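Novice: This structure is in structure tokens; I'll ask about it shortly.
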2 protein chains.
Amino acid sequence: MDTPRPLILITNDDSIEAKGLHCLIEAVSGLGDVIVVAPDDPQSGQSSSLSVNRPLRITEHPDYHGARVFSVSGTPVDCVKLGLHAVVPRKPSLLLSGINHGSNSGNAITYSGTMGAAIEGCTVGVPSVGFSLLHHSLKADFSMGLPFVRSIVEKVLASGLPHGVCLNVNIPAKVVPEGIKVCRAARGHWSEEYRRYLDPNGKPFYWLTGRFCNDEPDAVDTDEYWLSHNYISVVPATPDQTDFGAMPGVARLLGLGS
Amino acid sequence: MDTPRPLILITNDDSIEAKGLHCLIEAVSGLGDVIVVAPDDPQSGQSSSLSVNRPLRITEHPDYHGARVFSVSGTPVDCVKLGLHAVVPRKPSLLLSGINHGSNSGNAITYSGTMGAAIEGCTVGVPSVGFSLLHHSLKADFSMGLPFVRSIVEKVLASGLPHGVCLNVNIPAKVVPEGIKVCRAARGHWSEEYRRYLDPNGKPFYWLTGRFCNDEPDAVDTDEYWLSHNYISVVPATPDQTDFGAMPGVARLLGLGS
């Protein structure tokens, strides 16, 4: 019996219609059998949320560039879970998420639906990579990063990833990247987070806005630093949020000894 | 001028109506000025999701047990962000989330709206603790855990928490807890994740179900282990998902040297 070709599951958070999804499918063309399971509708900022109290539908769409294409009426994590449960014929060799229209560097990973999907893949033991371009436009030009995307996918397909680790890959916009750097997520915060409006009845409502402020602009080991120098950043990310180093100190402050 | 009393911001993911929220407010009575900013509607499984493309409303409700009470038409993270932006008069000394109706032990933290709120508080520098009871019922009995909840809150109020660390506290149900253990999150997976139905037109839809399977039942340093022995588990959790230890290996597999 022939060894089956690698199966690559692709999802995103910008929906089945997004240009970034189509570019990712094209970028990995020929590297394996590709199945897409992506959200019906845009799901930015959905983090690792899942649909606990409503039904989910799966819709099949025409093939794209040799890939079978499905959409799910839910979040990126719903797409991964339900895709693995009800769509793929065998366990994928790889899960790819993106390419997101917009940055997921720094602590944006916390809110990112793109990375929520990658973290879900990692949790169930599938080597998983999320890709994001630092440009929000629906018409953003992904082309200059695509050879790097393909190269990263080839290497992860060949070598796998360490257990419990997925990759958060961010790609600078509007330039040919200088190269790739493995780095940590920069710490930062958002400022001017909401705009306040008055509705026609004079009652206030709020709309999320704000911008990311890098709290450590001089740290040369961060994704923000290398992105600002036109490199692709690769942050190894773990789903396990336990802070092992903090355990003795927390035990002491709770009066439990160390 | 008098030093202001500690300000405690309370939120949850089960909504402003949840018994667990009311129990948490009662448990911390007298420890500071309490302001509640909780979701209008249940938000289980919302993780760190936020509302990026829709307006948010704030509604004020009658005081409860001395606390001022507001609700927000969004997710737990929306409540924390907008609460800090538009509701609180000063930076809180503490953010508390819960008490959740249901476990957030093991890798449930990934999907937890309760912990999404605590992680948000931690990210903006407020000592933050999420509490969950291992019982889903709307009428669950929280009383046996409440003295422990108050004790943990008193100690965190007195000592703060290490920078970049929040606490994921899970409480066994239907017993007086034996004590408190600081531990790591058990690794596990969900099985039988979806139930498949046919609608009246014969078209399938899916509903999330499944149960958590502990992949390391013999590991004595995990939350699952101690909860099964009727202890309260406290997992120090970090918003920073960078896997520092994996960086050299990932660099090598991408052909970048170490």
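In the structure tokens, the first chain shown is A, the next is B, and so on; residue numbers restart at 1 for each chain, and ligands run from 1 in the order shown.
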Just list as JSON, numbers by chain whatever in range 46-182 of chain A DSSP marks as alpha helix (DSSP H).

Specialist: {"A": [76, 77, 78, 79, 80, 81, 82, 83, 84, 85, 86, 113, 114, 115, 116, 117, 118, 119, 120, 121, 122, 123, 146, 147, 148, 149, 150, 151, 152, 153, 154, 155, 156, 157, 158, 159]}

Novice: Near Phe70 in chain A, within 12 Å and counting only C-alpha atoms, which residues show up once chain neighbours fewer than 5 positions away are dropped, as a VMD selection string?

Specialist: chain A and resid 9 to 12 15 to 17 34 to 40 57 to 64 79 to 80 82 to 83 86 to 88

Novice: Identify, with DSSP run on backbone atoms, the residues in range 120-222 of chain B assigned to strand (DSSP E or B), and express the list as a PyMOL selection string.

Specialist: chain B and resi 128-133+166-171+180-182+184+188-191+194-198+204-208+211-214+222

Novice: Name the residues in contact with Gln241 in chain A at a cut-off of 9 Å, using only C-alpha atoms, excluding same-chain residues fewer than 4 positions from it; report them as a list in words.

Specialist: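 Once the adjacent positions are removed, what remains is Asn107, Ile109, Thr110, Ala185, Pro236, Ala237, Thr238, Pro239, Asp240 and Gln241 of chain B.
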
Novice: Deliver the residues from the most recent selection as a file, using all heavy atoms, as a PDB file, in the first residue's frame.

Specialist:
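New file out_10.pdb:
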```
ATOM      1  N   ASN B 107      -6.702  21.722  30.528  1.00  0.00           N
ATOM      2  CA  ASN B 107      -6.558  22.727  29.470  1.00  0.00           C
ATOM      3  C   ASN B 107      -7.881  23.401  29.098  1.00  0.00           C
ATOM      4  O   ASN B 107      -7.960  24.125  28.104  1.00  0.00           O
ATOM      5  CB  ASN B 107      -5.821  22.199  28.232  1.00  0.00           C
ATOM      6  CG  ASN B 107      -6.406  20.915  27.705  1.00  0.00           C
ATOM      7  OD1 ASN B 107      -7.401  20.409  28.242  1.00  0.00           O
ATOM      8  ND2 ASN B 107      -5.820  20.392  26.662  1.00  0.00           N
ATOM      9  N   ILE B 109      -8.710  25.907  30.505  1.00  0.00           N
ATOM     10  CA  ILE B 109      -8.360  27.330  30.604  1.00  0.00           C
ATOM     11  C   ILE B 109      -8.323  27.974  29.220  1.00  0.00           C
ATOM     12  O   ILE B 109      -8.648  29.155  29.071  1.00  0.00           O
ATOM     13  CB  ILE B 109      -7.012  27.522  31.341  1.00  0.00           C
ATOM     14  CG1 ILE B 109      -6.686  28.995  31.560  1.00  0.00           C
ATOM     15  CG2 ILE B 109      -5.887  26.822  30.624  1.00  0.00           C
ATOM     16  CD1 ILE B 109      -5.401  29.227  32.353  1.00  0.00           C
ATOM     17  N   THR B 110      -7.952  27.214  28.204  1.00  0.00           N
ATOM     18  CA  THR B 110      -7.847  27.760  26.844  1.00  0.00           C
ATOM     19  C   THR B 110      -9.173  28.338  26.363  1.00  0.00           C
ATOM     20  O   THR B 110      -9.201  29.358  25.666  1.00  0.00           O
ATOM     21  CB  THR B 110      -7.393  26.652  25.870  1.00  0.00           C
ATOM     22  OG1 THR B 110      -6.125  26.159  26.299  1.00  0.00           O
ATOM     23  CG2 THR B 110      -7.295  27.156  24.438  1.00  0.00           C
ATOM     24  N   ALA B 185      -1.469  22.828  35.360  1.00  0.00           N
ATOM     25  CA  ALA B 185      -2.647  22.362  34.628  1.00  0.00           C
ATOM     26  C   ALA B 185      -2.374  20.976  34.057  1.00  0.00           C
ATOM     27  O   ALA B 185      -1.356  20.762  33.394  1.00  0.00           O
ATOM     28  CB  ALA B 185      -2.989  23.336  33.501  1.00  0.00           C
ATOM     29  N   PRO B 236      -0.886  28.916  38.807  1.00  0.00           N
ATOM     30  CA  PRO B 236      -0.397  30.216  38.337  1.00  0.00           C
ATOM     31  C   PRO B 236      -0.360  30.189  36.805  1.00  0.00           C
ATOM     32  O   PRO B 236       0.243  29.287  36.220  1.00  0.00           O
ATOM     33  CB  PRO B 236       1.021  30.304  38.914  1.00  0.00           C
ATOM     34  CG  PRO B 236       1.145  29.168  39.901  1.00  0.00           C
ATOM     35  CD  PRO B 236       0.170  28.122  39.458  1.00  0.00           C
ATOM     36  N   ALA B 237      -1.017  31.166  36.189  1.00  0.00           N
ATOM     37  CA  ALA B 237      -1.130  31.172  34.722  1.00  0.00           C
ATOM     38  C   ALA B 237      -0.556  32.465  34.172  1.00  0.00           C
ATOM     39  O   ALA B 237      -0.653  33.524  34.794  1.00  0.00           O
ATOM     40  CB  ALA B 237      -2.589  31.032  34.307  1.00  0.00           C
ATOM     41  N   THR B 238       0.052  32.351  33.001  1.00  0.00           N
ATOM     42  CA  THR B 238       0.649  33.530  32.370  1.00  0.00           C
ATOM     43  C   THR B 238      -0.008  33.826  31.031  1.00  0.00           C
ATOM     44  O   THR B 238      -0.306  32.900  30.275  1.00  0.00           O
ATOM     45  CB  THR B 238       2.166  33.353  32.166  1.00  0.00           C
ATOM     46  OG1 THR B 238       2.655  34.399  31.334  1.00  0.00           O
ATOM     47  CG2 THR B 238       2.487  32.031  31.487  1.00  0.00           C
ATOM     48  N   PRO B 239      -0.245  35.099  30.736  1.00  0.00           N
ATOM     49  CA  PRO B 239      -0.765  35.448  29.407  1.00  0.00           C
ATOM     50  C   PRO B 239       0.257  35.225  28.300  1.00  0.00           C
ATOM     51  O   PRO B 239      -0.125  35.082  27.143  1.00  0.00           O
ATOM     52  CB  PRO B 239      -1.064  36.954  29.524  1.00  0.00           C
ATOM     53  CG  PRO B 239      -1.071  37.259  30.984  1.00  0.00           C
ATOM     54  CD  PRO B 239      -0.144  36.271  31.624  1.00  0.00           C
ATOM     55  N   ASP B 240       1.552  35.215  28.640  1.00  0.00           N
ATOM     56  CA  ASP B 240       2.594  35.117  27.611  1.00  0.00           C
ATOM     57  C   ASP B 240       2.747  33.659  27.199  1.00  0.00           C
ATOM     58  O   ASP B 240       3.257  32.842  27.961  1.00  0.00           O
ATOM     59  CB  ASP B 240       3.914  35.657  28.139  1.00  0.00           C
ATOM     60  CG  ASP B 240       5.003  35.673  27.058  1.00  0.00           C
ATOM     61  OD1 ASP B 240       4.772  35.145  25.950  1.00  0.00           O
ATOM     62  OD2 ASP B 240       6.087  36.219  27.328  1.00  0.00           O
ATOM     63  N   GLN B 241       2.337  33.326  25.983  1.00  0.00           N
ATOM     64  CA  GLN B 241       2.363  31.938  25.539  1.00  0.00           C
ATOM     65  C   GLN B 241       3.668  31.565  24.835  1.00  0.00           C
ATOM     66  O   GLN B 241       3.792  30.461  24.305  1.00  0.00           O
ATOM     67  CB  GLN B 241       1.135  31.650  24.663  1.00  0.00           C
ATOM     68  CG  GLN B 241      -0.156  31.798  25.470  1.00  0.00           C
ATOM     69  CD  GLN B 241      -1.393  31.296  24.759  1.00  0.00           C
ATOM     70  OE1 GLN B 241      -2.167  32.082  24.248  1.00  0.00           O
ATOM     71  NE2 GLN B 241      -1.582  30.006  24.708  1.00  0.00           N
TER      72      GLN B 241
END
```

Novice: Report as a tab-separated table: every residue of chain A with an atom at most 7 Å from chain B, its closest pair of atoms, and their distance in Å to one decimal, counting only C-alpha atoms, with rows sorted by chain and ascending residue number.

Specialist:
```
residue	atom	partner	partner_atom	distance
A:Gly45	CA	B:Ser49	CA	5.4
A:Gln46	CA	B:Ser49	CA	4.3
A:Ser47	CA	B:Ser49	CA	4.9
A:Ser48	CA	B:Ser47	CA	5.5
A:Ser49	CA	B:Gln46	CA	4.3
A:Leu50	CA	B:Gly45	CA	5.5
A:Ser51	CA	B:Gly45	CA	6.9
A:Val52	CA	B:Leu208	CA	5.9
A:Arg54	CA	B:Trp207	CA	6.6
A:Pro55	CA	B:Trp207	CA	5.0
A:Leu56	CA	B:Tyr206	CA	5.0
A:Arg57	CA	B:Phe205	CA	5.0
A:Thr110	CA	B:Ser48	CA	6.4
A:Tyr111	CA	B:Ser48	CA	5.6
A:Val124	CA	B:His189	CA	7.0
A:Ile152	CA	B:Leu254	CA	6.7
A:Lys155	CA	B:Leu254	CA	6.1
A:Ser159	CA	B:Leu253	CA	6.7
A:Val182	CA	B:Ala251	CA	5.9
A:Arg184	CA	B:Thr242	CA	5.8
A:Ala185	CA	B:Thr242	CA	6.2
A:His189	CA	B:Val124	CA	6.9
A:Phe205	CA	B:Arg57	CA	5.0
A:Tyr206	CA	B:Leu56	CA	5.0
A:Trp207	CA	B:Pro55	CA	5.0
A:Leu208	CA	B:Val52	CA	5.9
A:Val235	CA	B:Thr242	CA	6.4
A:Pro236	CA	B:Asp243	CA	5.4
A:Ala237	CA	B:Thr242	CA	4.6
A:Thr238	CA	B:Gln241	CA	5.4
A:Pro239	CA	B:Gln241	CA	6.8
A:Gln241	CA	B:Ala237	CA	5.2
A:Thr242	CA	B:Ala237	CA	4.6
A:Asp243	CA	B:Ala237	CA	5.1
A:Ala246	CA	B:Pro236	CA	6.4
A:Met247	CA	B:Pro236	CA	6.3
A:Ala251	CA	B:Val182	CA	5.9
A:Leu253	CA	B:Ser159	CA	6.7
A:Leu254	CA	B:Lys155	CA	6.1
```

Novice: Would you pick out the contacts of range 96-98 of chain B at 6 Å or less, using only C-alpha atoms, so that residues sharing its chain but fewer than 2 positions from it are not included, and give the list as a PyMOL selection string?

Specialist: chain B and resi 10-12+21+100+114+128-131

Novice: Give me a file of those residues, with all heavy atoms, as a PDB file, in the first residue's frame.

Specialist:
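Saved the output as result_14.pdb:
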```
ATOM      1  N   ILE B  10     -15.113  42.925  39.813  1.00  0.00           N
ATOM      2  CA  ILE B  10     -15.574  41.540  39.677  1.00  0.00           C
ATOM      3  C   ILE B  10     -16.282  41.357  38.341  1.00  0.00           C
ATOM      4  O   ILE B  10     -17.099  42.186  37.944  1.00  0.00           O
ATOM      5  CB  ILE B  10     -16.525  41.152  40.838  1.00  0.00           C
ATOM      6  CG1 ILE B  10     -15.764  41.169  42.174  1.00  0.00           C
ATOM      7  CG2 ILE B  10     -17.155  39.778  40.607  1.00  0.00           C
ATOM      8  CD1 ILE B  10     -16.579  40.693  43.375  1.00  0.00           C
ATOM      9  N   THR B  11     -15.956  40.258  37.666  1.00  0.00           N
ATOM     10  CA  THR B  11     -16.677  39.905  36.453  1.00  0.00           C
ATOM     11  C   THR B  11     -16.878  38.384  36.428  1.00  0.00           C
ATOM     12  O   THR B  11     -16.524  37.688  37.383  1.00  0.00           O
ATOM     13  CB  THR B  11     -15.938  40.403  35.194  1.00  0.00           C
ATOM     14  OG1 THR B  11     -16.767  40.222  34.048  1.00  0.00           O
ATOM     15  CG2 THR B  11     -14.620  39.654  34.989  1.00  0.00           C
ATOM     16  N   ASN B  12     -17.441  37.880  35.350  1.00  0.00           N
ATOM     17  CA  ASN B  12     -17.602  36.428  35.211  1.00  0.00           C
ATOM     18  C   ASN B  12     -17.925  36.123  33.753  1.00  0.00           C
ATOM     19  O   ASN B  12     -17.856  37.019  32.896  1.00  0.00           O
ATOM     20  CB  ASN B  12     -18.700  35.911  36.158  1.00  0.00           C
ATOM     21  CG  ASN B  12     -20.117  36.225  35.674  1.00  0.00           C
ATOM     22  OD1 ASN B  12     -20.315  37.062  34.786  1.00  0.00           O
ATOM     23  ND2 ASN B  12     -21.092  35.550  36.259  1.00  0.00           N
ATOM     24  N   LEU B  21     -21.698  34.457  40.613  1.00  0.00           N
ATOM     25  CA  LEU B  21     -21.283  35.863  40.726  1.00  0.00           C
ATOM     26  C   LEU B  21     -21.735  36.445  42.055  1.00  0.00           C
ATOM     27  O   LEU B  21     -20.967  37.110  42.760  1.00  0.00           O
ATOM     28  CB  LEU B  21     -21.876  36.661  39.557  1.00  0.00           C
ATOM     29  CG  LEU B  21     -21.578  38.156  39.529  1.00  0.00           C
ATOM     30  CD1 LEU B  21     -20.129  38.410  39.123  1.00  0.00           C
ATOM     31  CD2 LEU B  21     -22.519  38.894  38.571  1.00  0.00           C
ATOM     32  N   ASN B 100     -17.223  30.550  38.457  1.00  0.00           N
ATOM     33  CA  ASN B 100     -17.811  29.894  37.306  1.00  0.00           C
ATOM     34  C   ASN B 100     -18.617  28.656  37.714  1.00  0.00           C
ATOM     35  O   ASN B 100     -18.224  27.919  38.607  1.00  0.00           O
ATOM     36  CB  ASN B 100     -16.690  29.459  36.347  1.00  0.00           C
ATOM     37  CG  ASN B 100     -17.223  29.018  34.996  1.00  0.00           C
ATOM     38  OD1 ASN B 100     -17.897  29.795  34.320  1.00  0.00           O
ATOM     39  ND2 ASN B 100     -16.944  27.783  34.608  1.00  0.00           N
ATOM     40  N   THR B 114     -14.139  32.773  31.914  1.00  0.00           N
ATOM     41  CA  THR B 114     -13.750  33.160  33.275  1.00  0.00           C
ATOM     42  C   THR B 114     -12.263  33.509  33.310  1.00  0.00           C
ATOM     43  O   THR B 114     -11.865  34.553  33.846  1.00  0.00           O
ATOM     44  CB  THR B 114     -14.021  31.991  34.246  1.00  0.00           C
ATOM     45  OG1 THR B 114     -15.397  31.643  34.159  1.00  0.00           O
ATOM     46  CG2 THR B 114     -13.665  32.362  35.673  1.00  0.00           C
ATOM     47  N   SER B 128      -5.035  39.348  39.369  1.00  0.00           N
ATOM     48  CA  SER B 128      -6.301  38.795  38.870  1.00  0.00           C
ATOM     49  C   SER B 128      -6.420  37.319  39.216  1.00  0.00           C
ATOM     50  O   SER B 128      -5.457  36.557  39.092  1.00  0.00           O
ATOM     51  CB  SER B 128      -6.370  38.958  37.343  1.00  0.00           C
ATOM     52  OG  SER B 128      -6.360  40.333  36.992  1.00  0.00           O
ATOM     53  N   VAL B 129      -7.631  36.936  39.640  1.00  0.00           N
ATOM     54  CA  VAL B 129      -7.892  35.556  40.038  1.00  0.00           C
ATOM     55  C   VAL B 129      -9.220  35.111  39.438  1.00  0.00           C
ATOM     56  O   VAL B 129     -10.237  35.799  39.589  1.00  0.00           O
ATOM     57  CB  VAL B 129      -7.967  35.425  41.581  1.00  0.00           C
ATOM     58  CG1 VAL B 129      -8.122  33.948  41.977  1.00  0.00           C
ATOM     59  CG2 VAL B 129      -6.745  36.035  42.254  1.00  0.00           C
ATOM     60  N   GLY B 130      -9.218  33.959  38.779  1.00  0.00           N
ATOM     61  CA  GLY B 130     -10.456  33.339  38.312  1.00  0.00           C
ATOM     62  C   GLY B 130     -10.827  32.180  39.217  1.00  0.00           C
ATOM     63  O   GLY B 130      -9.957  31.389  39.595  1.00  0.00           O
ATOM     64  N   PHE B 131     -12.100  32.100  39.570  1.00  0.00           N
ATOM     65  CA  PHE B 131     -12.604  31.026  40.428  1.00  0.00           C
ATOM     66  C   PHE B 131     -13.646  30.202  39.667  1.00  0.00           C
ATOM     67  O   PHE B 131     -14.526  30.762  39.003  1.00  0.00           O
ATOM     68  CB  PHE B 131     -13.281  31.601  41.674  1.00  0.00           C
ATOM     69  CG  PHE B 131     -12.360  32.315  42.623  1.00  0.00           C
ATOM     70  CD1 PHE B 131     -12.250  33.702  42.592  1.00  0.00           C
ATOM     71  CD2 PHE B 131     -11.604  31.610  43.546  1.00  0.00           C
ATOM     72  CE1 PHE B 131     -11.403  34.372  43.468  1.00  0.00           C
ATOM     73  CE2 PHE B 131     -10.749  32.272  44.430  1.00  0.00           C
ATOM     74  CZ  PHE B 131     -10.651  33.658  44.393  1.00  0.00           C
TER      75      PHE B 131
END
```

Novice: Quick one, how far is CA of Leu138 in chain A from CA of Leu24 in chain A?

Specialist: 14.5 Å

Novice: Work out how far CA of His135 in chain B is from CA of Met115 in chain A, in Å to one decimal.

Specialist: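 Interatomic distance here is 29.7 Å.
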
Novice: Could you give me, as a PyMOL selection string, the residues within 7 Å of Ala27 in chain A, counting only C-alpha atoms and dropping anything in the same chain fewer than 4 positions from it?

Specialist: chain A and resi 23+146+149-150

Novice: I'd like the contact shell of Pro4 in chain A - 12 Å cut-off, only C-alpha atoms, skipping same-chain residues fewer than 5 positions apart - returned as an mmCIF file with C-alpha atoms, in the first residue's frame.

Specialist:
```
data_model
loop_
_atom_site.group_PDB
_atom_site.id
_atom_site.type_symbol
_atom_site.label_atom_id
_atom_site.label_comp_id
_atom_site.auth_asym_id
_atom_site.auth_seq_id
_atom_site.Cartn_x
_atom_site.Cartn_y
_atom_site.Cartn_z
ATOM 1 C CA GLY A 32 0.121 17.431 0.102
ATOM 2 C CA ASP A 33 -3.597 16.875 0.004
ATOM 3 C CA PRO A 89 -10.461 11.358 6.262
ATOM 4 C CA ARG A 90 -7.338 10.896 8.439
ATOM 5 C CA LYS A 91 -5.303 12.834 10.993
ATOM 6 C CA PRO A 92 -3.625 15.780 9.266
ATOM 7 C CA SER A 93 0.158 16.032 9.115
#
```
